[in-house]
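Shown next: model17.tsv, containing TSV, C-alpha atoms (C1' of nucleotides).
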```tsv
chain	number	residue	atom	x	y	z
A	1	MET	CA	-2.58	-9.44	4.85
A	2	GLU	CA	-5.23	-6.72	4.89
A	3	GLU	CA	-2.64	-3.96	4.99
A	4	ASP	CA	-1.49	-4.99	1.51
A	5	LEU	CA	-5.04	-4.90	0.22
A	6	PHE	CA	-5.77	-1.32	1.21
A	7	LYS	CA	-2.33	-0.19	0.12
A	8	ALA	CA	-2.97	-1.72	-3.28
A	9	LEU	CA	-6.26	0.12	-3.64
A	10	ALA	CA	-4.74	3.43	-2.54
A	11	ASP	CA	-3.18	4.24	-5.91
A	12	PRO	CA	-5.43	5.49	-8.73
A	13	THR	CA	-3.31	3.83	-11.43
A	14	ARG	CA	-3.74	0.46	-9.77
A	15	ARG	CA	-7.49	0.98	-9.59
A	16	VAL	CA	-7.52	1.70	-13.32
A	17	ILE	CA	-5.57	-1.52	-13.88
A	18	LEU	CA	-8.26	-3.35	-11.95
A	19	ASP	CA	-10.86	-1.67	-14.16
A	20	GLU	CA	-8.98	-2.84	-17.24
A	21	LEU	CA	-8.75	-6.40	-15.99
A	22	THR	CA	-12.41	-6.33	-15.08
A	23	GLU	CA	-13.28	-5.45	-18.65
A	24	ARG	CA	-10.76	-7.83	-20.21
A	25	ASN	CA	-9.26	-10.47	-17.99
A	26	GLY	CA	-5.91	-12.21	-18.45
A	27	GLN	CA	-3.92	-9.44	-20.10
A	28	SER	CA	-0.14	-9.41	-20.36
A	29	LEU	CA	2.09	-6.63	-19.07
A	30	PHE	CA	2.47	-5.03	-22.51
A	31	GLU	CA	-1.24	-5.20	-23.17
A	32	ILE	CA	-1.95	-3.41	-19.92
A	33	CYS	CA	0.68	-0.79	-20.72
A	34	ALA	CA	-0.88	-0.15	-24.11
A	35	ARG	CA	-4.44	0.11	-22.82
A	36	LEU	CA	-3.43	2.41	-19.99
A	37	ALA	CA	-1.85	4.72	-22.55
A	38	THR	CA	-4.48	4.65	-25.27
A	39	ARG	CA	-7.64	4.45	-23.20
A	40	HIS	CA	-6.68	6.39	-20.06
A	41	GLY	CA	-3.91	8.73	-21.15
A	42	LEU	CA	-1.51	7.16	-18.67
A	43	ALA	CA	1.89	7.06	-20.37
A	44	LEU	CA	3.73	5.01	-17.77
A	45	SER	CA	6.95	3.10	-18.31
A	46	ARG	CA	6.70	-0.64	-18.57
A	47	GLN	CA	8.55	-0.97	-15.29
A	48	ALA	CA	6.08	1.23	-13.46
A	49	VAL	CA	3.18	-0.96	-14.54
A	50	SER	CA	5.16	-4.05	-13.60
A	51	GLN	CA	5.63	-2.70	-10.09
A	52	HIS	CA	1.95	-1.89	-9.82
A	53	LEU	CA	1.09	-5.43	-10.83
A	54	ALA	CA	3.46	-6.76	-8.19
A	55	VAL	CA	1.59	-4.76	-5.54
A	56	LEU	CA	-1.72	-6.09	-6.80
A	57	GLU	CA	-0.35	-9.63	-6.68
A	58	THR	CA	0.81	-9.15	-3.10
A	59	ALA	CA	-2.69	-8.00	-2.21
A	60	GLY	CA	-4.10	-11.12	-3.82
A	61	LEU	CA	-6.15	-9.08	-6.28
A	62	VAL	CA	-4.27	-10.31	-9.34
A	63	THR	CA	-3.06	-13.83	-10.03
A	64	PRO	CA	-0.19	-14.21	-12.50
A	65	ARG	CA	-0.19	-17.03	-15.00
A	66	ARG	CA	2.94	-17.86	-17.00
A	67	GLU	CA	2.85	-19.17	-20.52
A	68	GLY	CA	6.15	-19.25	-22.34
A	69	ARG	CA	7.59	-15.77	-22.38
A	70	TYR	CA	4.21	-14.24	-21.59
A	71	LYS	CA	2.81	-13.57	-18.15
A	72	PHE	CA	-0.93	-13.10	-18.07
A	73	HIS	CA	-2.76	-11.46	-15.20
A	74	ASP	CA	-6.10	-12.66	-13.92
A	75	LEU	CA	-8.28	-10.56	-11.64
A	76	ASP	CA	-9.36	-12.02	-8.31
A	77	PRO	CA	-11.87	-9.76	-6.57
A	78	ARG	CA	-12.38	-12.07	-3.59
A	79	PRO	CA	-10.16	-10.09	-1.18
A	80	LEU	CA	-12.56	-7.17	-1.62
A	81	GLU	CA	-15.51	-8.96	-0.17
A	82	HIS	CA	-14.88	-8.27	3.49
A	83	ILE	CA	-13.74	-4.67	3.35
A	84	VAL	CA	-17.25	-3.28	3.31
A	85	THR	CA	-18.96	-5.54	5.80
A	86	ARG	CA	-16.22	-4.66	8.26
A	87	TRP	CA	-17.72	-1.24	8.93
A	88	LEU	CA	-21.28	-1.93	8.03
A	89	THR	CA	-22.94	-1.56	11.39
A	90	PRO	CA	-24.89	-4.76	12.18
A	91	ALA	CA	-28.35	-3.41	11.35
A	92	PRO	CA	-28.86	-0.39	13.58
A	93	PRO	CA	-32.47	-0.09	14.76
A	94	GLU	CA	-33.61	2.65	12.43
A	95	ASP	CA	-37.15	3.89	12.81
A	96	THR	CA	-37.33	5.34	9.33
A	97	PRO	CA	-40.47	3.84	7.81
B	1	MET	CA	-14.42	12.19	-4.71
B	2	GLU	CA	-13.40	8.55	-4.85
B	3	GLU	CA	-9.73	9.39	-4.59
B	4	ASP	CA	-10.33	10.74	-1.09
B	5	LEU	CA	-12.16	7.59	-0.08
B	6	PHE	CA	-9.37	5.18	-0.95
B	7	LYS	CA	-6.75	7.50	0.47
B	8	ALA	CA	-8.66	7.58	3.73
B	9	LEU	CA	-8.78	3.81	3.90
B	10	ALA	CA	-5.08	3.44	3.09
B	11	ASP	CA	-3.86	4.24	6.60
B	12	PRO	CA	-4.14	1.54	9.29
B	13	THR	CA	-4.71	4.08	12.06
B	14	ARG	CA	-7.70	5.50	10.22
B	15	ARG	CA	-9.13	2.03	9.78
B	16	VAL	CA	-8.83	1.47	13.53
B	17	ILE	CA	-10.65	4.76	14.08
B	18	LEU	CA	-13.43	3.47	11.84
B	19	ASP	CA	-13.47	0.29	13.92
B	20	GLU	CA	-13.78	2.36	17.09
B	21	LEU	CA	-16.61	4.43	15.69
B	22	THR	CA	-18.35	1.29	14.49
B	23	GLU	CA	-18.29	-0.08	18.01
B	24	ARG	CA	-19.19	3.22	19.67
B	25	ASN	CA	-20.53	5.96	17.46
B	26	GLY	CA	-20.37	9.71	18.11
B	27	GLN	CA	-17.09	9.93	20.02
B	28	SER	CA	-15.18	13.15	20.59
B	29	LEU	CA	-11.56	13.71	19.62
B	30	PHE	CA	-10.26	13.07	23.14
B	31	GLU	CA	-12.35	9.93	23.50
B	32	ILE	CA	-10.92	8.55	20.28
B	33	CYS	CA	-7.40	9.45	21.41
B	34	ALA	CA	-7.92	7.63	24.70
B	35	ARG	CA	-9.39	4.51	23.13
B	36	LEU	CA	-6.67	4.33	20.50
B	37	ALA	CA	-4.10	4.39	23.28
B	38	THR	CA	-5.70	2.03	25.78
B	39	ARG	CA	-7.29	-0.48	23.44
B	40	HIS	CA	-4.90	-0.50	20.49
B	41	GLY	CA	-1.58	0.64	21.92
B	42	LEU	CA	-1.51	3.62	19.56
B	43	ALA	CA	0.00	6.51	21.51
B	44	LEU	CA	-0.64	9.25	18.99
B	45	SER	CA	-0.68	12.95	19.68
B	46	ARG	CA	-4.06	14.66	19.74
B	47	GLN	CA	-3.14	16.56	16.60
B	48	ALA	CA	-2.34	13.39	14.71
B	49	VAL	CA	-5.78	11.96	15.45
B	50	SER	CA	-7.38	15.26	14.53
B	51	GLN	CA	-5.70	15.16	11.13
B	52	HIS	CA	-6.83	11.59	10.62
B	53	LEU	CA	-10.39	12.61	11.39
B	54	ALA	CA	-10.12	15.45	8.88
B	55	VAL	CA	-9.15	12.95	6.20
B	56	LEU	CA	-12.06	10.72	7.13
B	57	GLU	CA	-14.40	13.70	6.94
B	58	THR	CA	-13.11	14.63	3.49
B	59	ALA	CA	-13.82	11.08	2.38
B	60	GLY	CA	-17.35	11.38	3.74
B	61	LEU	CA	-16.82	8.47	6.10
B	62	VAL	CA	-17.17	10.57	9.25
B	63	THR	CA	-19.65	13.37	9.87
B	64	PRO	CA	-18.71	15.90	12.54
B	65	ARG	CA	-21.34	17.23	14.91
B	66	ARG	CA	-20.62	20.26	17.11
B	67	GLU	CA	-22.07	20.68	20.58
B	68	GLY	CA	-20.60	23.46	22.67
B	69	ARG	CA	-16.88	22.92	22.95
B	70	TYR	CA	-17.23	19.29	21.96
B	71	LYS	CA	-17.09	17.90	18.44
B	72	PHE	CA	-18.58	14.45	18.08
B	73	HIS	CA	-17.86	12.18	15.15
B	74	ASP	CA	-20.47	10.00	13.55
B	75	LEU	CA	-19.60	7.16	11.20
B	76	ASP	CA	-21.13	7.12	7.73
B	77	PRO	CA	-20.33	3.89	5.90
B	78	ARG	CA	-22.33	4.77	2.79
B	79	PRO	CA	-19.32	5.77	0.65
B	80	LEU	CA	-18.06	2.21	1.03
B	81	GLU	CA	-21.00	0.64	-0.72
B	82	HIS	CA	-19.81	0.98	-4.30
B	83	ILE	CA	-16.15	0.12	-3.89
B	84	VAL	CA	-16.70	-3.61	-4.11
B	85	THR	CA	-19.31	-3.83	-6.84
B	86	ARG	CA	-16.95	-1.80	-9.02
B	87	TRP	CA	-14.69	-4.78	-9.64
B	88	LEU	CA	-17.17	-7.56	-9.17
B	89	THR	CA	-17.34	-9.10	-12.61
B	90	PRO	CA	-20.98	-9.24	-13.74
B	91	ALA	CA	-21.53	-12.95	-13.10
B	92	PRO	CA	-19.04	-14.83	-15.30
B	93	PRO	CA	-20.48	-18.08	-16.67
B	94	GLU	CA	-18.90	-20.53	-14.24
B	95	ASP	CA	-19.63	-24.19	-14.72
B	96	THR	CA	-18.90	-25.10	-11.13
B	97	PRO	CA	-21.94	-27.07	-9.99
C	1	DA	C1'	22.83	-19.14	-33.92
C	2	DC	C1'	21.09	-14.62	-33.94
C	3	DG	C1'	17.98	-10.88	-33.22
C	4	DA	C1'	13.70	-9.49	-31.38
C	5	DT	C1'	10.27	-9.73	-27.96
C	6	DA	C1'	8.49	-10.18	-22.96
C	7	DG	C1'	9.78	-9.53	-18.55
C	8	DG	C1'	12.84	-8.97	-14.10
C	9	DC	C1'	16.28	-6.69	-10.81
C	10	DA	C1'	18.43	-2.81	-8.56
C	11	DA	C1'	19.73	1.76	-7.69
C	12	DG	C1'	18.38	6.52	-7.56
C	13	DT	C1'	15.21	10.64	-7.58
C	14	DC	C1'	11.26	13.18	-6.03
C	15	DC	C1'	7.23	14.19	-3.57
C	16	DA	C1'	3.24	13.18	-0.68
C	17	DC	C1'	1.91	11.69	3.77
C	18	DG	C1'	2.03	10.88	8.82
C	19	DC	C1'	3.46	12.97	12.88
C	20	DT	C1'	5.31	16.40	15.96
C	21	DT	C1'	5.77	20.97	17.98
C	22	DG	C1'	4.28	25.48	19.17
C	23	DC	C1'	0.92	28.71	19.56
C	24	DC	C1'	-3.91	30.42	19.13
C	25	DT	C1'	-9.28	30.39	19.75
C	26	DA	C1'	-13.59	28.97	22.03
C	27	DT	C1'	-16.43	27.08	25.63
C	28	DC	C1'	-17.33	25.75	30.46
C	29	DA	C1'	-16.75	25.73	35.78
C	30	DA	C1'	-15.32	28.13	39.87
D	1	DT	C1'	-12.78	37.00	35.44
D	2	DT	C1'	-9.69	33.41	35.70
D	3	DG	C1'	-8.18	28.83	34.85
D	4	DA	C1'	-9.00	24.56	32.69
D	5	DT	C1'	-10.76	21.90	28.98
D	6	DA	C1'	-11.68	20.84	23.85
D	7	DG	C1'	-10.17	21.84	19.59
D	8	DG	C1'	-7.80	24.35	15.37
D	9	DC	C1'	-3.89	26.31	12.43
D	10	DA	C1'	0.64	26.28	10.46
D	11	DA	C1'	5.34	25.19	9.88
D	12	DG	C1'	8.77	21.55	9.93
D	13	DC	C1'	10.84	16.83	9.88
D	14	DG	C1'	11.37	12.11	8.23
D	15	DT	C1'	9.94	8.08	5.91
D	16	DG	C1'	7.66	5.52	2.34
D	17	DG	C1'	6.00	5.09	-2.24
D	18	DA	C1'	5.72	6.04	-7.35
D	19	DC	C1'	8.43	6.43	-11.23
D	20	DT	C1'	12.61	6.38	-14.10
D	21	DT	C1'	16.88	4.55	-15.91
D	22	DG	C1'	20.13	1.06	-16.99
D	23	DC	C1'	21.26	-3.47	-17.46
D	24	DC	C1'	20.31	-8.54	-17.30
D	25	DT	C1'	17.62	-13.13	-18.29
D	26	DA	C1'	14.40	-16.02	-20.91
D	27	DT	C1'	11.58	-17.35	-24.77
D	28	DC	C1'	10.15	-17.13	-29.63
D	29	DG	C1'	10.77	-16.67	-34.84
D	30	DT	C1'	13.71	-17.14	-38.84
```

Could you rewrite the structure in this file as structure tokens?
Amino acid sequence: MEEDLFKALADPTRRVILDELTERNGQSLFEICARLATRHGLALSRQAVSQHLAVLETAGLVTPRREGRYKFHDLDPRPLEHIVTRWLTPAPPEDTP
Amino acid sequence: MEEDLFKALADPTRRVILDELTERNGQSLFEICARLATRHGLALSRQAVSQHLAVLETAGLVTPRREGRYKFHDLDPRPLEHIVTRWLTPAPPEDTP
DNA sequence: ACGATAGGCAAGTCCACGCTTGCCTATCAA
DNA sequence: TTGATAGGCAAGCGTGGACTTGCCTATCGT
């Protein structure tokens, strides 16, 4: 659902999580917590990050992958593809040479 | 500021306003009110729409243009351009033929 | 088996956001 | 000038969302 996508992108912490996963894909919850703290000064509780990841999963931007007691998170940027073209006017006849 | 951009896109009513302006650019506040009501079943107060437009202006997605007692609103999709490429991984080596 | 690690569930708090209401200003038509 | 139209400002209400806290389950190492 597109509502979930925009809601997921609305929070700055979630966008930083996407940045983190873009730089290093497949991180676990604790890894993300640590990198948010050390690299972005975001001292969130583990539960807060877990809830953010749940929102990102609902939006289809993050795909969880279980391995034993670990849960790794893979980025999936495909839902983003259509959110720009939606409002990109279909080639307005500009006469700017 | 990018925070304003994502916040502007977070609300479904504002996205419908962007849709309206994409289809018919340069509408006034009352025009937008009317079209939200008749075409989308959104019976919002004039003030509500005005506040939405203010948010869209802050995000740089809508540029106001005054003419007499009218204020027309022009869509500017340029701020949207970078929000996808931000998380598009720089061509991962996929071996899908 | 036991403790430690990785994560989940649920309730509760706090604040930002969407919307309304009421009143005020500015421009146009008669 | 008067009334109507188009829009703005500010206070207030109510809901949703972000975050914490406390406790519970599951997997690994020894």

Identify every residue of chain D that has at least one atom within 7 Å of any atom of chain A, counting only C-alpha atoms (C1' of nucleotides), and report the result as a ChimeraX atom specification.
-> /D:19,26-27

Name all residues at most 9 Å from Leu29 in chain B (count all atoms listed in the file; drop same-chain ones fewer than 2 positions away) and give them as a count of residues only.
-> 15

CA of Glu2 in chain A to CA of Val84 in chain A, straight-line distance in Å = 12.6 Å

Give as an NGL selection string the set of residues within 9 Å of the point (17.2, 3.8, -8.1), where distances use the file's coordinates and all atoms listed in the file.
-> (:C and (10-13)) or (:D and (20-21))

Pick out the chain B residues within 10 Å of chain A. Count only C-alpha atoms. Give them as a VMD selection string.
-> chain B and resid 2 to 12 15 18 to 23 25 75 to 90

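Here is the contact set of chain C against chain A, at 9 Å and counting all atoms listed in the file: DT5, DA6 and DG7 of chain C.
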
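Across the structure, CA of Leu56 in chain A and C1' of DA16 in chain C are spaced 20.8 Å apart.
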
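Taking C1' of DT15 in chain D as the reference point, CA of Leu36 in chain A is found at 29.7 Å.
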
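The smallest atom-to-atom distance between Val55 in chain B and any of B:Thr13, B:Gly26, B:Leu42, B:Ala37, using only C-alpha atoms, is found for B:Thr13.
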
Show me, as JSON, the centre and edge lengths in Å to one decimal of the axis-aligned box that covers every listed atom of range 44-54 of chain A with 4 Å on each side.
```
{"center_x": 4.8, "center_y": -0.9, "center_z": -13.4, "size_x": 15.5, "size_y": 19.8, "size_z": 18.4}
```
